[in-house]
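Taking it in order: structure first as structure tokens, then the write-up.
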Amino acid sequence: MPAVSRRKALSLIVDKELHFEGDAHATRVSRNDVEITRTLVWKPCHESSCPFYPFFQFLVRSRPVFVRIDGVVFTALHNDLAGM
């Protein structure tokens, strides 16, 4: 599995439009909107049920955004599904 760096993970969300659950419209993310956290995070969820696939967590206007170590971006992690 090729892992992305924190800098690459950040580039995957800055200047992009993200769709947050419950919002009618996408949010365009500027660098000033992003707070960078310093640790990788993980929890059992639909988006990654393997601890070998942690996430970079960023806060975009105080809302969490997760970039999985392989570069896939999520605006939410779901653990409310059967088997999770």
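Quick note on naming: the chains in the structure tokens go A, B, ... in the order shown, residues restart at 1 in each chain, and ligands are numbered from 1 in order of appearance.
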Neighbours of Thr75 in chain A within 7 Å (only C-alpha atoms; same-chain residues fewer than 5 positions away dropped), as a PyMOL selection string?
chain A and resi 20+64-66
Write down as an MDAnalysis selection string the residues belonging to chain A that are assigned strand (DSSP E or B) by DSSP computed on the backbone.
chainID A and resid 17:18 27:28 34:41 45 48 55:60 63:68 73:74
Dump as a Markdown table the rows for residues of range 21-43 of chain A within 12 Å of range 52-58 of chain A: closest atom pair and distance in Å with one decimal, only C-alpha atoms counted, ordered by chain and rising residue number.
| residue | atom | partner | partner_atom | distance |
| --- | --- | --- | --- | --- |
| A:Val29 | CA | A:Phe58 | CA | 11.5 |
| A:Arg31 | CA | A:Phe58 | CA | 11.1 |
| A:Asp33 | CA | A:Phe58 | CA | 9.9 |
| A:Val34 | CA | A:Phe58 | CA | 6.5 |
| A:Glu35 | CA | A:Phe58 | CA | 5.8 |
| A:Ile36 | CA | A:Phe58 | CA | 5.1 |
| A:Thr37 | CA | A:Phe58 | CA | 5.8 |
| A:Arg38 | CA | A:Phe56 | CA | 8.2 |
| A:Thr39 | CA | A:Phe56 | CA | 7.0 |
| A:Leu40 | CA | A:Phe56 | CA | 5.0 |
| A:Val41 | CA | A:Phe55 | CA | 5.2 |
| A:Trp42 | CA | A:Pro54 | CA | 4.9 |
| A:Lys43 | CA | A:Pro54 | CA | 8.2 |
Which is closest to Leu59 in chain A among A:Leu10, A:His78, A:Cys45, A:His19, if we use only C-alpha atoms?
A:Leu10
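In this model, the gap between CA of Glu17 in chain A and CA of Asn79 in chain A comes to 24.2 Å.
Put simply, CA of Val73 in chain A is 8.4 Å away from CA of Ala9 in chain A.
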Taking 3 positions as the minimum chain separation for residues in the same chain, which residues sit within 12 Å of Lys8 in chain A when counting only C-alpha atoms? Answer as a PDB file with C-alpha atoms, in the first residue's frame.
ATOM      1  CA  ALA A   3       1.082   5.799   1.839  1.00  0.00           C
ATOM      2  CA  VAL A   4       0.544   9.506   1.277  1.00  0.00           C
ATOM      3  CA  SER A   5       2.346  12.124   3.340  1.00  0.00           C
ATOM      4  CA  SER A  11      -3.331  18.892  -0.950  1.00  0.00           C
ATOM      5  CA  LEU A  12      -6.187  16.426  -1.529  1.00  0.00           C
ATOM      6  CA  ILE A  13      -8.635  18.699   0.314  1.00  0.00           C
ATOM      7  CA  VAL A  14      -7.357  22.271  -0.206  1.00  0.00           C
ATOM      8  CA  PHE A  56      -4.987  11.919   8.725  1.00  0.00           C
ATOM      9  CA  VAL A  67      -7.811  11.324   4.503  1.00  0.00           C
ATOM     10  CA  ARG A  68      -7.062   7.615   4.594  1.00  0.00           C
ATOM     11  CA  ILE A  69      -3.372   6.773   4.339  1.00  0.00           C
ATOM     12  CA  ASP A  70      -3.933   5.647   0.731  1.00  0.00           C
ATOM     13  CA  GLY A  71      -5.279   9.096  -0.202  1.00  0.00           C
ATOM     14  CA  VAL A  72      -9.041   8.552  -0.136  1.00  0.00           C
ATOM     15  CA  VAL A  73     -10.947  11.499   1.397  1.00  0.00           C
TER      16      VAL A  73
END
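Comparing the minimum interatomic distances between Ser49 in chain A and each of A:Arg63, A:Arg7, A:Asp15, A:Leu77, counting only C-alpha atoms, we find that A:Leu77 sits nearest.
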So what do you get for CA of Glu21 in chain A versus CA of Val60 in chain A, distance-wise?
13.5 Å
